[in-house]
>>> print(open('coords-v5.txt').read())   # compact mmCIF, C-alpha atoms and all ligand atoms
# COMPACT_ATOMS: atom_id res chain seq x y z
CA MET S 1269 49.78 131.98 37.95
CA ASN S 1270 50.22 135.18 35.97
CA LEU S 1271 51.69 135.44 32.48
CA LYS S 1272 55.20 136.48 33.54
CA THR S 1273 55.47 133.74 36.17
CA SER S 1274 54.14 131.16 33.73
CA TRP S 1275 57.08 131.78 31.37
CA LYS S 1276 59.58 132.10 34.23
CA ASN S 1277 58.51 128.84 35.86
CA GLN S 1278 58.86 126.79 32.69
CA ILE S 1279 62.11 125.09 31.79
CA TRP S 1280 63.71 126.18 28.50
CA PRO S 1281 62.61 123.19 26.37
CA LEU S 1282 58.99 123.85 27.38
CA ARG S 1283 59.29 127.59 26.68
CA VAL S 1284 60.57 126.83 23.18
CA LEU S 1285 57.78 124.30 22.57
CA ARG S 1286 55.10 126.66 23.92
CA ALA S 1287 56.35 129.61 21.86
CA TRP S 1288 56.56 127.55 18.67
CA LEU S 1289 53.10 126.03 19.06
CA GLY S 1290 51.46 129.32 20.05
CA VAL S 1291 53.03 131.38 17.25
CA THR S 1292 52.39 128.68 14.64
CA TRP S 1293 48.71 128.40 15.56
CA ILE S 1294 48.24 132.16 15.38
CA TYR S 1295 50.00 132.17 12.01
CA ALA S 1296 47.72 129.34 10.79
CA GLY S 1297 44.67 131.44 11.72
CA TRP S 1298 46.18 134.50 10.07
CA ASP S 1299 46.95 132.53 6.90
CA LYS S 1300 43.27 131.64 6.57
CA ALA S 1301 41.97 135.09 7.58
CA SER S 1302 44.15 136.84 5.01
CA ASP S 1303 43.26 134.40 2.21
CA PRO S 1304 40.44 136.08 0.22
CA GLY S 1305 39.45 132.69 -1.24
CA PHE S 1306 39.20 130.74 2.02
CA LEU S 1307 35.55 131.59 2.63
CA THR S 1308 34.65 132.32 -1.02
CA SER S 1309 32.65 129.58 -2.75
CA GLY S 1310 34.21 128.41 -6.00
CA SER S 1311 37.70 129.65 -5.14
CA PRO S 1312 40.51 127.05 -5.45
CA THR S 1313 41.41 127.70 -1.80
CA PHE S 1314 37.78 127.68 -0.58
CA ILE S 1315 37.45 125.57 2.56
CA GLY S 1316 34.68 123.54 0.86
CA THR S 1317 36.98 122.68 -2.07
CA GLN S 1318 39.72 121.66 0.36
CA LEU S 1319 37.34 119.48 2.41
CA SER S 1320 36.04 117.89 -0.78
CA ALA S 1321 39.59 116.94 -1.78
CA TYR S 1322 40.29 115.57 1.74
CA ALA S 1323 37.15 113.41 1.57
CA THR S 1324 38.45 111.45 -1.45
CA SER S 1325 41.54 110.11 0.37
CA SER S 1326 40.81 110.32 4.09
CA PRO S 1327 39.89 107.34 6.31
CA VAL S 1328 37.20 109.63 7.78
CA GLY S 1329 35.98 110.75 4.34
CA PHE S 1330 32.42 109.68 5.21
CA ALA S 1331 32.38 112.18 8.09
CA ILE S 1332 33.94 114.95 5.96
CA ASN S 1333 31.27 114.40 3.31
CA LYS S 1334 28.61 115.01 5.95
CA MET S 1335 30.31 118.24 6.99
CA LEU S 1336 30.58 119.65 3.46
CA GLU S 1337 27.19 121.37 3.48
CA HIS S 1338 28.42 123.51 6.39
CA SER S 1339 31.83 124.30 4.90
CA THR S 1340 31.72 128.05 5.49
CA GLN S 1341 30.78 127.68 9.16
CA ILE S 1342 33.50 125.04 9.59
CA GLY S 1343 36.03 127.37 7.95
CA ILE S 1344 35.12 130.22 10.33
CA PHE S 1345 35.27 127.86 13.32
CA VAL S 1346 38.71 126.49 12.36
CA MET S 1347 40.12 129.99 11.73
CA LEU S 1348 38.87 131.41 15.07
CA THR S 1349 39.88 128.29 17.00
CA GLU S 1350 43.43 128.46 15.64
CA PHE S 1351 43.75 132.09 16.74
CA ALA S 1352 42.26 131.25 20.16
CA ILE S 1353 44.48 128.22 20.81
CA GLY S 1354 47.63 130.14 19.80
CA ALA S 1355 46.76 133.18 21.93
CA ALA S 1356 45.69 131.07 24.94
CA THR S 1357 48.95 129.09 24.77
CA LEU S 1358 51.15 132.19 24.66
CA LEU S 1359 49.13 134.14 27.25
CA TRP S 1360 48.66 131.24 29.69
CA ILE S 1361 44.88 131.36 29.63
CA ALA S 1362 43.31 127.93 30.16
CA PRO S 1363 46.59 126.46 28.83
CA THR S 1364 45.65 122.81 29.43
CA TRP S 1365 42.42 123.18 27.44
CA ALA S 1366 44.29 125.03 24.71
CA ALA S 1367 46.85 122.20 24.46
CA LEU S 1368 44.04 119.63 24.34
CA GLY S 1369 42.39 121.68 21.57
CA GLY S 1370 45.69 121.87 19.66
CA PHE S 1371 46.06 118.09 19.95
CA GLY S 1372 42.48 117.48 18.77
CA MET S 1373 42.82 119.85 15.85
CA SER S 1374 46.17 118.40 14.72
CA LEU S 1375 44.82 114.86 14.95
CA SER S 1376 41.75 115.85 12.90
CA LEU S 1377 43.93 117.51 10.26
CA TRP S 1378 46.19 114.48 10.13
CA LEU S 1379 43.24 112.15 9.57
CA ALA S 1380 41.56 114.51 7.13
CA SER S 1381 44.27 116.06 5.02
CA SER S 1382 47.63 114.31 5.34
CA TRP S 1383 46.82 110.70 6.19
CA HIS S 1384 47.83 109.62 2.68
CA VAL S 1385 51.30 111.26 2.91
CA LYS S 1386 53.97 108.59 2.76
CA PRO S 1387 56.13 108.13 4.71
CA TYR S 1388 53.91 109.45 7.52
CA PHE S 1389 56.65 111.60 9.10
CA LEU S 1390 56.64 113.94 6.10
CA ALA S 1391 53.18 115.15 7.13
CA SER S 1392 53.62 118.01 9.60
CA ASP S 1393 50.20 117.27 11.14
CA SER S 1394 51.55 114.00 12.57
CA ALA S 1395 54.43 115.87 14.26
CA TYR S 1396 52.08 118.57 15.63
CA THR S 1397 49.75 115.89 17.01
CA ILE S 1398 52.59 114.44 19.09
CA LEU S 1399 53.98 117.86 20.10
CA TRP S 1400 50.58 119.03 21.37
CA LEU S 1401 49.94 115.69 23.10
CA SER S 1402 53.28 115.88 24.91
CA TYR S 1403 52.65 119.48 25.96
CA PHE S 1404 49.10 118.64 27.09
CA LEU S 1405 50.28 115.66 29.17
CA PHE S 1406 52.88 117.83 30.86
CA LEU S 1407 50.31 120.54 31.71
CA TYR S 1408 47.74 117.96 32.79
CA GLY S 1409 50.29 116.44 35.17
CA SER S 1410 50.71 119.83 36.89
CA ARG S 1411 47.11 121.00 36.37
CA ARG S 1412 46.54 122.16 39.95
CA LYS S 1413 48.90 125.06 39.34
CA ASN S 1414 47.29 125.92 36.03
CA LYS S 1415 43.64 125.72 36.94
CA VAL S 1416 41.49 128.57 35.64
CA SER S 1417 38.58 129.09 38.02
CA LEU S 1418 35.29 130.20 36.56
CA ASP S 1419 35.21 133.35 38.66
CA ARG S 1420 35.00 136.85 37.21
CA ARG S 1421 38.74 136.96 36.52
CA GLY S 1422 38.76 133.59 34.80
CA PHE S 1423 35.80 134.61 32.66
CA LEU S 1424 37.55 137.83 31.67
CA ARG S 1425 40.71 135.96 30.67
CA VAL S 1426 38.81 133.48 28.51
CA SER S 1427 36.84 136.38 26.96
CA THR S 1428 40.16 138.04 26.13
CA VAL S 1429 41.18 134.99 24.09
CA ALA S 1430 37.84 135.02 22.26
CA ALA S 1431 38.25 138.74 21.51
CA ILE S 1432 41.81 138.20 20.23
CA ALA S 1433 40.56 135.42 17.93
CA VAL S 1434 37.78 137.57 16.45
CA ALA S 1435 40.07 140.62 16.15
CA GLY S 1436 42.80 138.52 14.48
CA ALA S 1437 40.33 137.20 11.92
CA GLY S 1438 38.99 140.72 11.28
CA VAL S 1439 42.44 142.25 10.82
CA GLY S 1440 43.44 139.39 8.51
CA LYS S 1441 40.54 140.28 6.23
CA LEU S 1442 41.91 143.85 6.01
CA PHE S 1443 45.26 142.57 4.71
CA PRO S 1444 44.39 140.05 1.99
CA LYS S 1445 47.37 138.17 0.63
CA ALA S 1446 47.85 137.66 -3.10
CA THR S 1447 46.68 134.26 -4.28
CA SER S 1448 47.15 132.63 -7.65
CA ALA S 1449 43.97 132.49 -9.73
CA ASN S 1450 44.41 128.80 -10.34
CA THR S 1451 46.31 126.61 -7.91
CA SER S 1452 46.60 123.83 -10.45
CA ALA S 1453 48.40 126.08 -12.92
CA ALA S 1454 51.83 124.82 -13.85
CA SER S 1455 54.79 126.56 -12.25
CA PRO S 1456 57.17 128.26 -14.68
CA GLY S 1457 59.89 125.90 -15.80
CA ARG S 1458 58.08 122.90 -14.40
CA LYS S 1459 56.61 120.32 -16.70
CA SER S 1460 52.93 119.74 -16.04
CA THR S 1461 52.06 116.05 -15.86
CA SER S 1462 48.83 114.72 -17.27
CA LYS S 1463 46.68 112.18 -15.46
CA LYS S 1464 45.11 109.17 -17.18
CA ILE S 1465 41.34 108.92 -16.75
CA ILE S 1466 40.03 106.19 -19.05
CA LYS S 1467 40.98 104.44 -22.31
CA ASP S 1468 39.63 106.39 -25.25
CA ALA S 1469 38.23 103.28 -26.98
CA ALA S 1470 36.30 102.27 -23.85
CA PHE S 1471 34.55 105.63 -23.52
CA LYS S 1472 31.65 105.73 -25.95
CA VAL S 1473 29.40 108.64 -26.96
CA GLY S 1474 26.81 109.24 -24.22
CA ALA S 1475 29.05 107.75 -21.51
CA ILE S 1476 29.86 109.40 -18.19
CA GLN S 1477 32.83 108.66 -15.96
CA THR S 1478 33.57 109.97 -12.48
CA PHE S 1479 37.23 110.38 -11.51
CA VAL S 1480 39.50 112.11 -9.01
CA ALA S 1481 41.11 115.20 -10.51
CA LYS S 1482 44.78 116.09 -10.12
CA ASN S 1483 43.99 118.43 -7.22
CA GLY S 1484 42.32 115.55 -5.37
CA THR S 1485 38.72 116.68 -5.87
CA PRO S 1486 35.93 114.59 -7.47
CA ALA S 1487 35.19 115.26 -11.14
CA VAL S 1488 32.94 114.01 -13.98
CA LEU S 1489 33.89 113.23 -17.57
CA PHE S 1490 31.36 113.33 -20.44
CA ARG S 1491 31.47 112.27 -24.09
CA THR S 1492 28.94 113.64 -26.54
CA LYS S 1493 28.93 113.69 -30.33
CA THR S 1494 30.81 116.99 -30.14
CA GLY S 1495 33.66 115.74 -27.98
CA VAL S 1496 34.97 114.91 -24.52
CA PHE S 1497 34.79 117.37 -21.62
CA ALA S 1498 34.90 117.34 -17.83
CA TYR S 1499 33.83 119.41 -14.86
CA SER S 1500 34.74 119.47 -11.22
CA ALA S 1501 32.03 117.73 -9.18
CA VAL S 1502 32.60 120.19 -6.33
CA CYS S 1503 29.45 122.27 -5.94
CA THR S 1504 30.23 125.99 -6.17
CA HIS S 1505 27.94 126.72 -3.22
CA GLU S 1506 29.49 125.01 -0.17
CA GLY S 1507 31.60 122.27 -1.73
CA CYS S 1508 29.38 119.15 -1.61
CA THR S 1509 29.79 116.62 -4.44
CA VAL S 1510 27.28 116.90 -7.29
CA GLN S 1511 25.83 113.76 -8.87
CA PHE S 1512 24.62 113.16 -12.43
CA ASN S 1513 20.87 112.62 -12.68
CA SER S 1514 20.36 110.38 -15.71
CA ALA S 1515 16.64 111.22 -15.91
CA SER S 1516 17.04 115.01 -16.05
CA LYS S 1517 20.59 114.90 -17.55
CA HIS S 1518 21.69 117.45 -14.99
CA LEU S 1519 24.31 117.53 -12.26
CA GLN S 1520 22.56 117.96 -8.93
CA CYS S 1521 23.78 118.79 -5.47
CA GLY S 1522 22.13 116.87 -2.66
CA CYS S 1523 23.11 119.36 0.05
CA HIS S 1524 21.04 122.45 -0.80
CA GLY S 1525 19.62 121.52 -4.19
CA ALA S 1526 21.75 123.41 -6.74
CA VAL S 1527 21.36 122.11 -10.33
CA PHE S 1528 23.92 122.50 -13.14
CA ASP S 1529 23.66 121.77 -16.87
CA PRO S 1530 26.80 119.87 -17.96
CA PHE S 1531 25.84 120.23 -21.63
CA LYS S 1532 25.73 124.03 -21.42
CA GLY S 1533 29.01 124.88 -19.72
CA ALA S 1534 27.80 123.52 -16.36
CA LYS S 1535 25.83 126.73 -15.86
CA VAL S 1536 23.59 127.04 -12.82
CA LEU S 1537 19.97 126.08 -13.52
CA SER S 1538 18.84 126.65 -9.97
CA GLY S 1539 20.54 127.99 -6.84
CA PRO S 1540 21.77 128.53 -4.23
CA ALA S 1541 25.04 128.23 -6.20
CA ASN S 1542 25.90 131.35 -8.21
CA SER S 1543 28.68 130.18 -10.50
CA PRO S 1544 29.08 127.26 -12.92
CA LEU S 1545 31.09 124.18 -12.03
CA ALA S 1546 34.81 124.55 -12.76
CA LYS S 1547 35.86 123.17 -16.15
CA ILE S 1548 38.70 120.64 -16.20
CA LYS S 1549 41.17 120.56 -19.08
CA ILE S 1550 40.95 117.26 -20.98
CA ALA S 1551 43.17 115.87 -23.76
CA THR S 1552 43.83 112.62 -25.58
CA GLU S 1553 47.29 111.09 -25.22
CA GLY S 1554 47.83 107.90 -27.19
CA ALA S 1555 45.09 105.46 -26.23
CA TRP S 1556 44.11 107.47 -23.14
CA ILE S 1557 41.83 110.35 -22.26
CA VAL S 1558 43.80 112.39 -19.74
CA GLU S 1559 43.42 115.43 -17.52
CA ALA S 1560 45.90 117.82 -19.09
S1 LIG A 1601 26.69 122.74 -1.42
FE1 LIG A 1601 24.88 123.87 -1.24
S2 LIG A 1601 23.86 123.48 -3.10
FE2 LIG A 1601 25.67 122.39 -3.25
>>> encode(input="coords-v5.txt", output="structure tokens")
Amino acid sequence: MNLKTSWKNQIWPLRVLRAWLGVTWIYAGWDKASDPGFLTSGSPTFIGTQLSAYATSSPVGFAINKMLEHSTQIGIFVMLTEFAIGAATLLWIAPTWAALGGFGMSLSLWLASSWHVKPYFLASDSAYTILWLSYFLFLYGSRRKNKVSLDRRGFLRVSTVAAIAVAGAGVGKLFPKATSANTSAASPGRKSTSKKIIKDAAFKVGAIQTFVAKNGTPAVLFRTKTGVFAYSAVCTHEGCTVQFNSASKHLQCGCHGAVFDPFKGAKVLSGPANSPLAKIKIATEGAWIVEA
């Protein structure tokens, strides 16, 4: 079936669904491609930072933690796959596989990033999971008409989708969107809320406390004779979680071996990370040490 016939043969509700899903998936790929921080280690929107935040609240956090050391590759894969699924859906190229891919990706995002959203229907990933599943089941039921044979023509059509995905990602990089330097910065006119970490009296000099920061990522709190301070535990290389080594008194990353000195501004002692761990603003409010 060619492109024109594929649209003509579909009933209106399916055309609307197909157009919405295809356009949205292309936009999702574009949003990542045009975000200068998405593949930049240490950026608030870096894919590794996002995955690290997902791991703290997801039921599949153990699997996400294992993926963290390959964050950049995962980010590139997700971006290209979103472009490819959107283009394949709109252009009627392997549409059943594209719908299955859209379902799998939405389900993964639901489990990873929005599982904790309550009530569940406020998470758009849950709605997209069902929309893609419904569309896939419809296409699967009429798959004989949609079959893409692996002949020369079929290969060319699938290659077209791959080329569109790569071109979309490349063009997105040429039009970077403006991003805020710090996503946790308070919005004008909006009161920033602090987050309790531990009772001041219970946190003695020399103590260390891990906690989940306001942006959902893991963090570490220290108290020395000079005061209380905290750093993000998200490694500035690929986003794995650093751990405190009580023997060396350093924060170490188990993925590729980066070492940071928490008592000297979390500066890098050995690579492959290039930048220090992000500092977290700490304050004391009443009896509590809080993230400001
Ligand atoms: S993620 Fe590579 S050294 Fe930490």
>>> axis_aligned_box(input="coords-v5.txt", around="stretch 1380-1383 of chain S", padding_each_side="3 Å", output="AutoDock Vina command-line options")
--center_x 44.6 --center_y 113.4 --center_z 6.1 --size_x 12.1 --size_y 11.4 --size_z 8.1
>>> closest_atom_pairs(input="coords-v5.txt", of="chain S", to="ligand LIG 1601 (chain A)", cutoff="9 Å", atoms="all atoms listed in the file", output="JSON lines")
{"residue": "S:Gly1316", "atom": "CA", "partner": "A:LIG1601", "partner_atom": "S1", "distance": 8.3}
{"residue": "S:Leu1336", "atom": "CA", "partner": "A:LIG1601", "partner_atom": "S1", "distance": 7.0}
{"residue": "S:Glu1337", "atom": "CA", "partner": "A:LIG1601", "partner_atom": "S1", "distance": 5.1}
{"residue": "S:His1338", "atom": "CA", "partner": "A:LIG1601", "partner_atom": "S1", "distance": 8.0}
{"residue": "S:Ser1339", "atom": "CA", "partner": "A:LIG1601", "partner_atom": "S1", "distance": 8.3}
{"residue": "S:Val1502", "atom": "CA", "partner": "A:LIG1601", "partner_atom": "FE2", "distance": 7.9}
{"residue": "S:Cys1503", "atom": "CA", "partner": "A:LIG1601", "partner_atom": "FE2", "distance": 4.6}
{"residue": "S:Thr1504", "atom": "CA", "partner": "A:LIG1601", "partner_atom": "FE2", "distance": 6.5}
{"residue": "S:His1505", "atom": "CA", "partner": "A:LIG1601", "partner_atom": "S1", "distance": 4.5}
{"residue": "S:Glu1506", "atom": "CA", "partner": "A:LIG1601", "partner_atom": "S1", "distance": 3.8}
{"residue": "S:Gly1507", "atom": "CA", "partner": "A:LIG1601", "partner_atom": "S1", "distance": 4.9}
{"residue": "S:Cys1508", "atom": "CA", "partner": "A:LIG1601", "partner_atom": "S1", "distance": 4.5}
{"residue": "S:Thr1509", "atom": "CA", "partner": "A:LIG1601", "partner_atom": "FE2", "distance": 7.2}
{"residue": "S:Val1510", "atom": "CA", "partner": "A:LIG1601", "partner_atom": "FE2", "distance": 7.0}
{"residue": "S:Gln1520", "atom": "CA", "partner": "A:LIG1601", "partner_atom": "FE2", "distance": 7.8}
{"residue": "S:Cys1521", "atom": "CA", "partner": "A:LIG1601", "partner_atom": "FE2", "distance": 4.6}
{"residue": "S:Gly1522", "atom": "CA", "partner": "A:LIG1601", "partner_atom": "FE2", "distance": 6.6}
{"residue": "S:Cys1523", "atom": "CA", "partner": "A:LIG1601", "partner_atom": "FE1", "distance": 5.0}
{"residue": "S:His1524", "atom": "CA", "partner": "A:LIG1601", "partner_atom": "S2", "distance": 3.8}
{"residue": "S:Gly1525", "atom": "CA", "partner": "A:LIG1601", "partner_atom": "S2", "distance": 4.8}
{"residue": "S:Ala1526", "atom": "CA", "partner": "A:LIG1601", "partner_atom": "S2", "distance": 4.2}
{"residue": "S:Val1527", "atom": "CA", "partner": "A:LIG1601", "partner_atom": "S2", "distance": 7.8}
{"residue": "S:Gly1539", "atom": "CA", "partner": "A:LIG1601", "partner_atom": "S2", "distance": 6.7}
{"residue": "S:Pro1540", "atom": "CA", "partner": "A:LIG1601", "partner_atom": "S2", "distance": 5.6}
{"residue": "S:Ala1541", "atom": "CA", "partner": "A:LIG1601", "partner_atom": "S2", "distance": 5.8}
>>> closest_residue(input="coords-v5.txt", among="S:Ile1550, S:Lys1464, S:Ser1309, S:Asn1270", to="S:Ile1361", atoms="all atoms listed in the file")
S:Asn1270
>>> residues_around(input="coords-v5.txt", residues="S:Gly1484", least_positions_apart="4", cutoff="7 Å", atoms="only C-alpha atoms", output="mmCIF file with C-alpha atoms, in the coordinates of the input")
data_model
loop_
_atom_site.group_PDB
_atom_site.id
_atom_site.type_symbol
_atom_site.label_atom_id
_atom_site.label_comp_id
_atom_site.auth_asym_id
_atom_site.auth_seq_id
_atom_site.Cartn_x
_atom_site.Cartn_y
_atom_site.Cartn_z
ATOM 1 C CA ALA S 1321 39.590 116.940 -1.780
ATOM 2 C CA THR S 1324 38.450 111.450 -1.450
ATOM 3 C CA VAL S 1480 39.500 112.110 -9.010
#
>>> atom_distance(input="coords-v5.txt", atom1="atom CA of S:Trp1298", atom2="atom CA of S:Gly1440")
5.8 Å
>>> residues_around(input="coords-v5.txt", residues="stretch 1383-1394 of chain S", least_positions_apart="3", cutoff="12 Å", atoms="only C-alpha atoms", output="MDAnalysis selection string")
chainID S and resid 1292 1321:1329 1370:1380 1397:1401 1484
>>> residues_around(input="coords-v5.txt", residues="S:Thr1273", least_positions_apart="3", cutoff="12 Å", atoms="all atoms listed in the file", output="list in words")
Met1269, Asn1270, Lys1276, Asn1277, Gln1278, Ile1279, Arg1283, Leu1359, Trp1360, Lys1413 and Asn1414 of chain S
>>> residues_around(input="coords-v5.txt", residues="S:Asp1468", least_positions_apart="4", cutoff="10 Å", atoms="all atoms listed in the file", output="PDB file with C-alpha atoms, keeping the file's coordinate frame")
ATOM      1  CA  LYS S1472      31.650 105.730 -25.950  1.00  0.00           C
ATOM      2  CA  VAL S1496      34.970 114.910 -24.520  1.00  0.00           C
ATOM      3  CA  THR S1552      43.830 112.620 -25.580  1.00  0.00           C
ATOM      4  CA  GLU S1553      47.290 111.090 -25.220  1.00  0.00           C
ATOM      5  CA  GLY S1554      47.830 107.900 -27.190  1.00  0.00           C
ATOM      6  CA  ALA S1555      45.090 105.460 -26.230  1.00  0.00           C
ATOM      7  CA  TRP S1556      44.110 107.470 -23.140  1.00  0.00           C
ATOM      8  CA  ILE S1557      41.830 110.350 -22.260  1.00  0.00           C
ATOM      9  CA  VAL S1558      43.800 112.390 -19.740  1.00  0.00           C
TER      10      VAL S1558
END
>>> closest_residue(input="coords-v5.txt", among="S:Leu1319, S:Arg1491, S:Ile1548, S:Ala1395", to="S:Ala1470", atoms="only C-alpha atoms")
S:Arg1491
